[in-house]
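K.L.:
After the structure tokens below, expect a handful of questions from me.
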Amino acid sequence: MTSKVDETLGYEQARDELIEVVRRLEAGGTTLEESLALWERGEELAKVCRRWLEGARARLDAALAEEEGAEHGDGEDADGTRSE
């Protein structure tokens, strides 16, 4: 489960922390318990990043659909069907 702190992280913050977590895991030298904690944190950060990216994709798709609808300008939806 993602903590409340993670919900307030911006994409860049989560990405940068995730990069640091991966760097530490790849470097080794941590105990099993530390490695597991880092891996769990990495999973949480990856989820935060994924939510940001999915939100950005949805916004882009909506903007493109709106633009396409404006180009039709004759009452057609973006898929070419008539809207009522």
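Note on naming: chains are A, B, ... as they come in the structure tokens, residues start from 1 per chain, ligands start from 1 in the order shown.
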Applying 12 Å and only C-alpha atoms, which residues near region 37-39 of chain A remain after dropping the ones on its own chain fewer than 4 positions away? List them as a ChimeraX atom specification.
P.N.:
/A:17-26,28,30-33,43-46
K.L.:
What is the CA of Tyr11 (chain A) to CA of Cys49 (chain A) distance in Å?
P.N.:
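Separation of CA of Tyr11 (chain A) and CA of Cys49 (chain A): 5.6 Å.
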